[in-house]
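Report on one structure; see the data block that follows.
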Amino acid sequence: MEVRRSRRRARTVSAWREGPRTIVAIPARFTRAQEREWVGRMVERLAAQERRRRPSDAQLVARATELSRRYLGGRAVPTSVRWSSNQGRRWGSCTPAEGTIRISDRVQGMPRWVLDYVLLHELTHLLQPGHGQAFWAEMVSYPHTQRARGFLEGYAFARDGTDDSDVPDEPAGDDVEPADREG
Ligand SMILES: [Zn+2]
């Protein structure tokens, strides 16, 4: 934990993580009491934000149900939705015959609208196997598709050094293909 006092800050307080450290930036004029109050408040807010970004498997199921209801008329009904650590470079995968969806744990910590896109993408595969017009037509009412795809492509480029802008998942049979195609 590190508190940074800044003369340039008039009244804004912000907090962020730098690796293992938590930084809270406060205006230089803050008293010790204000510092204590705001550091506590900002650390709690940061933790709440991180909890929202790392939902449990149960919360993933609830979110998927909500997204299906809102954007797919409730027609996509997965039997299970869970985090997975062996998705390789894919962001998610589904097995339509079994109704199971897995989301790469690399998506944990990404903004909510990115997770929503990945969930909705896999939910849509329960209705449409490929990536043809019918697939994208199902998702058309989700407003953040282009932004989320851009985010994921940028992330992959920065992290993996690849500009592979292909749709980053396989629609079916995630147990059939080797999950990790990087090698
Ligand atoms: Zn897909």
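Residues are named by chain letter and number: chains run A, B, ... in the order of the structure tokens, numbers start at 1 in each chain, and ligands are numbered from 1 in the order shown.
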Legend entry - Those in region 34-139 of chain A with strand (DSSP E) from DSSP, as JSON, numbers by chain: {"A": [80, 81, 82, 83, 84, 92, 93, 94, 95, 100, 101, 102, 103, 104]}
With C-alpha atoms retained, write the just-selected residues as a CSV table (one decimal), in the first residue's frame.
```csv
chain,number,residue,atom,x,y,z
A,80,SER,CA,-23.2,-25.5,-17.5
A,81,VAL,CA,-21.0,-22.4,-17.7
A,82,ARG,CA,-17.6,-22.3,-16.1
A,83,TRP,CA,-14.2,-20.8,-16.1
A,84,SER,CA,-11.5,-22.9,-17.7
A,92,GLY,CA,-14.2,-19.5,-24.8
A,93,SER,CA,-15.7,-22.6,-26.3
A,94,CYS,CA,-18.9,-24.5,-26.2
A,95,THR,CA,-20.2,-28.0,-26.9
A,100,THR,CA,-21.7,-26.7,-22.0
A,101,ILE,CA,-19.8,-23.4,-22.2
A,102,ARG,CA,-16.3,-22.7,-21.0
A,103,ILE,CA,-14.8,-19.3,-20.6
A,104,SER,CA,-11.0,-18.9,-20.6
```
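The space separating CA of Gln34 (chain A) from CA of Arg53 (chain A) comes to 28.3 Å.
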Inset, instruction - For region 4-16 of chain A, please output as a count of residues only all residues within 6 Å (counting only C-alpha atoms; exclusion window: fewer than 5 positions along the same chain). - result: 7
Inset, instruction - Return as a PyMOL selection string the full set of residues in region 113-156 of chain A whose backbone-based DSSP assignment is alpha helix (DSSP H). - result: chain A and resi 113-125+133-138+145-156
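Using only C-alpha atoms, the contacts of Leu67 (chain A) at a cut-off of 8 Å, with sequence neighbours closer than 4 positions omitted, comprise Arg63, Tyr71, Leu72, Asp116, Leu119 and Leu120 of chain A.
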Legend entry - For CA of Gly99 (chain A) and CA of Glu50 (chain A), the interatomic separation in Å (one decimal): 28.6 Å
